[in-house]
>>> print(open('upload-v8.cif').read())   # mmCIF, C-alpha atoms
data_input
loop_
_atom_site.label_atom_id
_atom_site.label_comp_id
_atom_site.auth_asym_id
_atom_site.auth_seq_id
_atom_site.Cartn_x
_atom_site.Cartn_y
_atom_site.Cartn_z
CA MET A 1 85.80 100.46 119.47
CA ASP A 2 88.20 102.43 121.67
CA PHE A 3 91.55 101.77 120.02
CA LEU A 4 93.42 104.24 122.23
CA SER A 5 92.25 102.53 125.41
CA GLY A 6 92.74 99.01 124.07
CA GLU A 7 91.22 96.67 121.54
CA LEU A 8 91.95 93.38 119.77
CA ILE A 9 92.03 93.47 115.97
CA TYR A 10 91.90 90.23 113.99
CA ILE A 11 93.74 90.42 110.67
CA ASN A 12 93.96 87.85 107.89
CA LYS A 13 97.64 88.42 107.14
CA PRO A 14 98.32 88.41 103.40
CA TYR A 15 100.91 86.28 101.64
CA GLY A 16 104.38 87.81 101.43
CA MET A 17 103.95 90.33 104.24
CA THR A 18 105.76 90.00 107.57
CA SER A 19 103.77 90.08 110.78
CA PHE A 20 105.56 93.29 111.75
CA GLY A 21 104.76 94.75 108.34
CA ALA A 22 101.07 93.99 108.85
CA LEU A 23 101.17 95.54 112.30
CA ALA A 24 103.02 98.62 111.03
CA HIS A 25 100.49 99.19 108.26
CA VAL A 26 97.48 98.91 110.58
CA ARG A 27 99.17 101.13 113.18
CA TYR A 28 99.92 103.79 110.53
CA VAL A 29 96.34 103.83 109.27
CA LEU A 30 94.87 103.88 112.77
CA SER A 31 97.26 106.54 114.05
CA ARG A 32 96.30 108.86 111.20
CA ARG A 33 92.59 108.31 111.78
CA LEU A 34 92.92 108.89 115.53
CA HIS A 35 95.25 111.90 115.04
CA VAL A 36 97.94 110.46 117.28
CA ARG A 37 101.63 110.28 116.52
CA ARG A 38 102.05 106.55 117.17
CA LEU A 39 99.39 104.24 118.54
CA LYS A 40 100.70 101.64 120.99
CA MET A 41 100.36 98.22 119.31
CA GLY A 42 101.73 94.69 119.35
CA HIS A 43 100.90 91.29 117.88
CA ALA A 44 100.31 87.96 119.58
CA GLY A 45 102.23 85.37 117.57
CA THR A 46 104.41 85.75 114.49
CA LEU A 47 103.47 84.33 111.09
CA ASP A 48 106.12 83.69 108.44
CA PRO A 49 105.97 86.02 105.41
CA LEU A 50 104.87 83.12 103.19
CA ALA A 51 102.08 82.16 105.62
CA THR A 52 98.60 83.66 105.70
CA GLY A 53 95.82 83.71 108.24
CA VAL A 54 94.91 84.81 111.73
CA LEU A 55 97.12 87.53 113.19
CA VAL A 56 95.92 89.05 116.48
CA LEU A 57 96.85 92.72 116.91
CA CYS A 58 96.56 94.44 120.29
CA THR A 59 96.25 98.17 120.93
CA GLY A 60 96.63 100.27 124.06
CA ARG A 61 96.24 98.38 127.34
CA LYS A 62 95.40 95.18 125.45
CA THR A 63 99.12 94.84 124.67
CA LYS A 64 99.46 93.59 128.25
CA GLU A 65 97.51 90.49 127.18
CA ILE A 66 99.96 89.47 124.45
CA GLU A 67 101.73 86.81 126.52
CA GLN A 68 98.40 85.29 127.54
CA LEU A 69 97.11 85.34 123.96
CA GLN A 70 100.26 83.58 122.74
CA GLN A 71 99.37 80.60 124.95
CA HIS A 72 96.16 79.93 123.01
CA THR A 73 95.86 76.79 120.90
CA LYS A 74 96.40 77.42 117.20
CA GLU A 75 95.12 75.62 114.10
CA TYR A 76 96.81 75.51 110.69
CA THR A 77 96.31 74.01 107.27
CA ALA A 78 99.61 73.17 105.59
CA THR A 79 100.45 71.82 102.14
CA LEU A 80 103.62 69.69 101.92
CA GLN A 81 105.70 68.83 98.89
CA LEU A 82 107.23 65.41 99.42
CA GLY A 83 110.52 64.17 97.98
CA ALA A 84 112.57 67.33 98.46
CA THR A 85 113.90 69.73 101.09
CA THR A 86 114.90 73.37 101.30
CA ALA A 87 117.12 75.25 103.76
CA SER A 88 114.14 77.08 105.28
CA TYR A 89 111.78 74.07 105.16
CA ASP A 90 109.44 76.08 102.90
CA LYS A 91 109.55 77.52 99.37
CA GLU A 92 111.35 80.71 100.43
CA HIS A 93 114.59 78.93 99.48
CA PRO A 94 115.30 76.66 96.49
CA VAL A 95 115.32 72.88 96.71
CA ASP A 96 118.66 71.67 98.07
CA ASN A 97 118.10 67.89 98.05
CA THR A 98 115.72 65.40 96.46
CA TYR A 99 114.65 61.99 97.77
CA PRO A 100 112.74 58.92 96.54
CA THR A 101 108.95 58.92 96.93
CA GLY A 102 107.87 55.73 95.17
CA HIS A 103 107.26 53.98 98.48
CA ILE A 104 104.99 56.70 99.92
CA THR A 105 101.29 55.80 99.94
CA PRO A 106 98.27 57.37 101.67
CA GLU A 107 98.31 54.38 104.05
CA LEU A 108 101.95 55.04 105.01
CA VAL A 109 101.19 58.72 105.62
CA GLN A 110 98.25 57.78 107.86
CA GLN A 111 100.55 55.48 109.84
CA VAL A 112 103.22 58.17 110.29
CA LEU A 113 101.17 61.23 111.25
CA PRO A 114 100.03 59.98 114.71
CA ARG A 115 103.70 59.79 115.77
CA PHE A 116 103.72 63.59 115.90
CA VAL A 117 100.73 63.96 118.21
CA GLY A 118 101.39 64.78 121.87
CA GLN A 119 104.46 66.27 123.56
CA ILE A 120 107.22 66.02 120.97
CA GLN A 121 110.79 67.21 120.58
CA GLN A 122 111.26 69.64 117.73
CA VAL A 123 114.30 71.55 116.41
CA PRO A 124 113.25 75.02 115.16
CA PRO A 125 114.28 76.06 111.64
CA ALA A 126 117.63 77.81 111.34
CA TYR A 127 115.76 80.46 109.35
CA SER A 128 113.58 81.51 112.27
CA ALA A 129 113.21 84.31 114.80
CA CYS A 130 114.72 82.18 117.59
CA LYS A 131 117.47 84.04 119.42
CA ILE A 132 121.07 82.89 119.77
CA GLY A 133 123.06 85.10 122.10
CA GLY A 134 120.71 88.00 121.47
CA ASP A 135 120.72 87.67 117.67
CA ARG A 136 117.94 86.26 115.54
CA ALA A 137 118.83 82.88 114.04
CA TYR A 138 117.73 83.89 110.53
CA LYS A 139 120.02 86.94 110.58
CA LEU A 140 123.00 84.81 111.62
CA LYS A 141 122.15 82.27 108.92
CA ARG A 142 121.91 84.96 106.24
CA ASP A 143 125.30 86.27 107.37
CA GLY A 144 126.74 82.85 106.56
CA GLU A 145 127.14 81.62 110.13
CA ASP A 146 126.54 78.03 111.18
CA VAL A 147 123.34 78.01 113.23
CA GLN A 148 122.71 75.17 115.68
CA LEU A 149 119.41 75.28 117.55
CA ALA A 150 118.52 72.92 120.37
CA ALA A 151 115.42 70.76 120.31
CA LYS A 152 112.54 71.93 122.46
CA THR A 153 109.34 70.34 123.69
CA VAL A 154 106.19 71.42 121.84
CA ARG A 155 102.60 70.22 121.98
CA VAL A 156 100.66 68.90 118.99
CA ASP A 157 97.02 68.12 119.78
CA GLU A 158 95.84 66.78 116.43
CA ILE A 159 97.01 66.12 112.87
CA GLU A 160 94.48 65.27 110.18
CA LEU A 161 95.28 64.33 106.58
CA LEU A 162 92.98 66.44 104.39
CA TRP A 163 94.15 65.15 101.00
CA PHE A 164 97.00 63.30 99.34
CA ASP A 165 97.98 63.57 95.66
CA GLN A 166 100.12 60.56 94.82
CA THR A 167 100.91 61.89 91.32
CA LYS A 168 102.31 65.22 92.49
CA MET A 169 103.48 63.80 95.81
CA GLN A 170 101.75 66.56 97.71
CA MET A 171 99.50 66.45 100.73
CA GLN A 172 97.61 68.82 102.97
CA ILE A 173 97.23 68.45 106.72
CA ARG A 174 95.31 70.23 109.45
CA VAL A 175 97.28 70.75 112.66
CA THR A 176 96.17 71.98 116.07
CA CYS A 177 99.05 72.76 118.40
CA GLY A 178 100.40 74.83 121.26
CA LYS A 179 102.74 77.80 121.46
CA GLY A 180 106.14 77.55 119.79
CA THR A 181 105.31 74.77 117.33
CA TYR A 182 106.94 75.31 113.93
CA ILE A 183 104.84 73.78 111.16
CA ARG A 184 107.88 74.08 108.87
CA SER A 185 109.84 71.83 111.24
CA LEU A 186 106.88 69.47 111.43
CA ALA A 187 106.95 69.19 107.62
CA ARG A 188 110.67 68.44 107.67
CA ASP A 189 110.23 65.76 110.35
CA ILE A 190 107.28 64.15 108.58
CA GLY A 191 109.39 63.91 105.43
CA GLN A 192 112.25 62.28 107.33
CA THR A 193 109.92 59.79 109.02
CA LEU A 194 108.58 58.86 105.58
CA ASP A 195 112.21 58.07 104.58
CA SER A 196 112.09 60.96 102.15
CA GLY A 197 111.99 64.75 102.39
CA ALA A 198 109.30 67.42 102.65
CA TYR A 199 108.87 71.17 102.71
CA LEU A 200 105.93 73.57 102.99
CA THR A 201 104.40 75.10 99.89
CA GLN A 202 101.44 76.71 101.68
CA LEU A 203 100.57 77.55 105.29
CA THR A 204 97.46 79.21 106.70
CA ARG A 205 96.72 79.82 110.37
CA THR A 206 92.99 79.20 110.53
CA ARG A 207 92.39 79.70 114.25
CA VAL A 208 93.91 81.25 117.38
CA GLY A 209 91.96 80.30 120.49
CA ASP A 210 88.31 81.02 119.66
CA VAL A 211 89.19 83.39 116.80
CA SER A 212 88.63 81.85 113.36
CA ILE A 213 89.95 83.11 110.04
CA ASP A 214 86.31 83.90 109.23
CA ASP A 215 86.40 86.49 112.04
CA CYS A 216 89.35 88.32 110.47
CA ILE A 217 89.46 91.32 108.18
CA THR A 218 91.69 91.55 105.15
CA MET A 219 94.03 94.43 104.44
CA ASP A 220 91.80 95.33 101.48
CA ASP A 221 88.81 95.66 103.83
CA LEU A 222 90.68 97.51 106.59
CA ASN A 223 89.55 101.03 105.69
CA SER A 224 85.89 100.13 105.24
CA TRP A 225 85.97 98.17 108.52
CA LEU A 226 87.48 101.16 110.30
CA ASP A 227 84.79 103.38 108.78
CA GLU A 228 82.20 101.18 110.47
CA GLN A 229 84.01 101.29 113.82
CA MET A 230 84.39 105.06 113.71
CA ASP A 231 80.72 105.51 112.73
CA ASN A 232 79.65 103.38 115.68
CA ARG A 233 81.52 105.68 118.06
CA THR A 234 79.53 108.75 117.02
#
>>> encode(input="upload-v8.cif", output="structure tokens")
Amino acid sequence: MDFLSGELIYINKPYGMTSFGALAHVRYVLSRRLHVRRLKMGHAGTLDPLATGVLVLCTGRKTKEIEQLQQHTKEYTATLQLGATTASYDKEHPVDNTYPTGHITPELVQQVLPRFVGQIQQVPPAYSACKIGGDRAYKLKRDGEDVQLAAKTVRVDEIELLWFDQTKMQMQIRVTCGKGTYIRSLARDIGQTLDSGAYLTQLTRTRVGDVSIDDCITMDDLNSWLDEQMDNRT
């Protein structure tokens, strides 16, 4: 692989690491191996720190394809905790409100999920990278400012209920969607439509376009994978 000229690298981003942190680590390792000061790199689609899964990294001239890559359909598996909400719509923040769940059944969930398929209006999380007047919403929120984001149109192609635990009031869904869809906001809206609350406890991006999570390398395997690529060049 010619990383200087331009390649796509598929990473399974680990839990707790930012997308930029993953990119920075790979760039540092690659730059040292290639004996360059700073390899040109970018990523095609941010994942939250608490999310795992497919992160597409671009090097060299491939960075020009980032906008095109961001348009690809994405697939996620998401686990929702029903009956409660958090400020970030995931477990990064503590529970701020609780709601009744006794009325929620698998049948009710199956009735509700199709309402979120198609072109839908969605308000992004206040704790997100959306910009307000040039500033990131999450930075404004952490500074104590009131953040109001407008709803935007997003595309959800499919939602499938994978399992539902009525004792723990948890469920897992598979979602295929277009660019700009926030699964955290989808969890919040599903909770509201169930006349309750919901937040994410787990999120994995399993596919970007034709790239599956099975095609990705882990950070632990990065060096051995690079060894193979460098050997193939000689």
>>> closest_atom_pairs(input="upload-v8.cif", of="region 17-91 of chain A", to="region 207-216 of chain A", cutoff="7 Å", atoms="all atoms listed in the file", output="JSON lines")
{"residue": "A:Gly53", "atom": "CA", "partner": "A:Ile213", "partner_atom": "CA", "distance": 6.2}
{"residue": "A:Val54", "atom": "CA", "partner": "A:Ile213", "partner_atom": "CA", "distance": 5.5}
{"residue": "A:His72", "atom": "CA", "partner": "A:Gly209", "partner_atom": "CA", "distance": 4.9}
{"residue": "A:Thr73", "atom": "CA", "partner": "A:Gly209", "partner_atom": "CA", "distance": 5.3}
{"residue": "A:Lys74", "atom": "CA", "partner": "A:Val208", "partner_atom": "CA", "distance": 4.6}
{"residue": "A:Glu75", "atom": "CA", "partner": "A:Arg207", "partner_atom": "CA", "distance": 4.9}
>>> atom_distance(input="upload-v8.cif", atom1="CA of Lys62 (chain A)", atom2="CA of Tyr10 (chain A)")
13.0 Å
>>> resolve_selection(input="upload-v8.cif", expression="the PyMOL selection byres ((chain A and resi 150) around 12)", output="VMD selection string")
chain A and resid 121 to 126 130 to 132 137 147 to 149 151 to 153
>>> write_last_selection(input="upload-v8.cif", atoms="C-alpha atoms", output="mmCIF file, keeping the file's coordinate frame")
data_model
loop_
_atom_site.group_PDB
_atom_site.id
_atom_site.type_symbol
_atom_site.label_atom_id
_atom_site.label_comp_id
_atom_site.auth_asym_id
_atom_site.auth_seq_id
_atom_site.Cartn_x
_atom_site.Cartn_y
_atom_site.Cartn_z
ATOM 1 C CA GLN A 121 110.790 67.210 120.580
ATOM 2 C CA GLN A 122 111.260 69.640 117.730
ATOM 3 C CA VAL A 123 114.300 71.550 116.410
ATOM 4 C CA PRO A 124 113.250 75.020 115.160
ATOM 5 C CA PRO A 125 114.280 76.060 111.640
ATOM 6 C CA ALA A 126 117.630 77.810 111.340
ATOM 7 C CA CYS A 130 114.720 82.180 117.590
ATOM 8 C CA LYS A 131 117.470 84.040 119.420
ATOM 9 C CA ILE A 132 121.070 82.890 119.770
ATOM 10 C CA ALA A 137 118.830 82.880 114.040
ATOM 11 C CA VAL A 147 123.340 78.010 113.230
ATOM 12 C CA GLN A 148 122.710 75.170 115.680
ATOM 13 C CA LEU A 149 119.410 75.280 117.550
ATOM 14 C CA ALA A 151 115.420 70.760 120.310
ATOM 15 C CA LYS A 152 112.540 71.930 122.460
ATOM 16 C CA THR A 153 109.340 70.340 123.690
#
>>> residues_around(input="upload-v8.cif", residues="Lys91 (chain A)", least_positions_apart="3", cutoff="8 Å", atoms="only C-alpha atoms", output="number ranges by chain")
A: 86, 88, 94-95, 199-201
>>> resolve_selection(input="upload-v8.cif", expression="the PyMOL selection byres ((chain A and resi 44-46) around 7)", output="ChimeraX atom specification")
/A:19,42-43,47-48,56-57,66,69-70
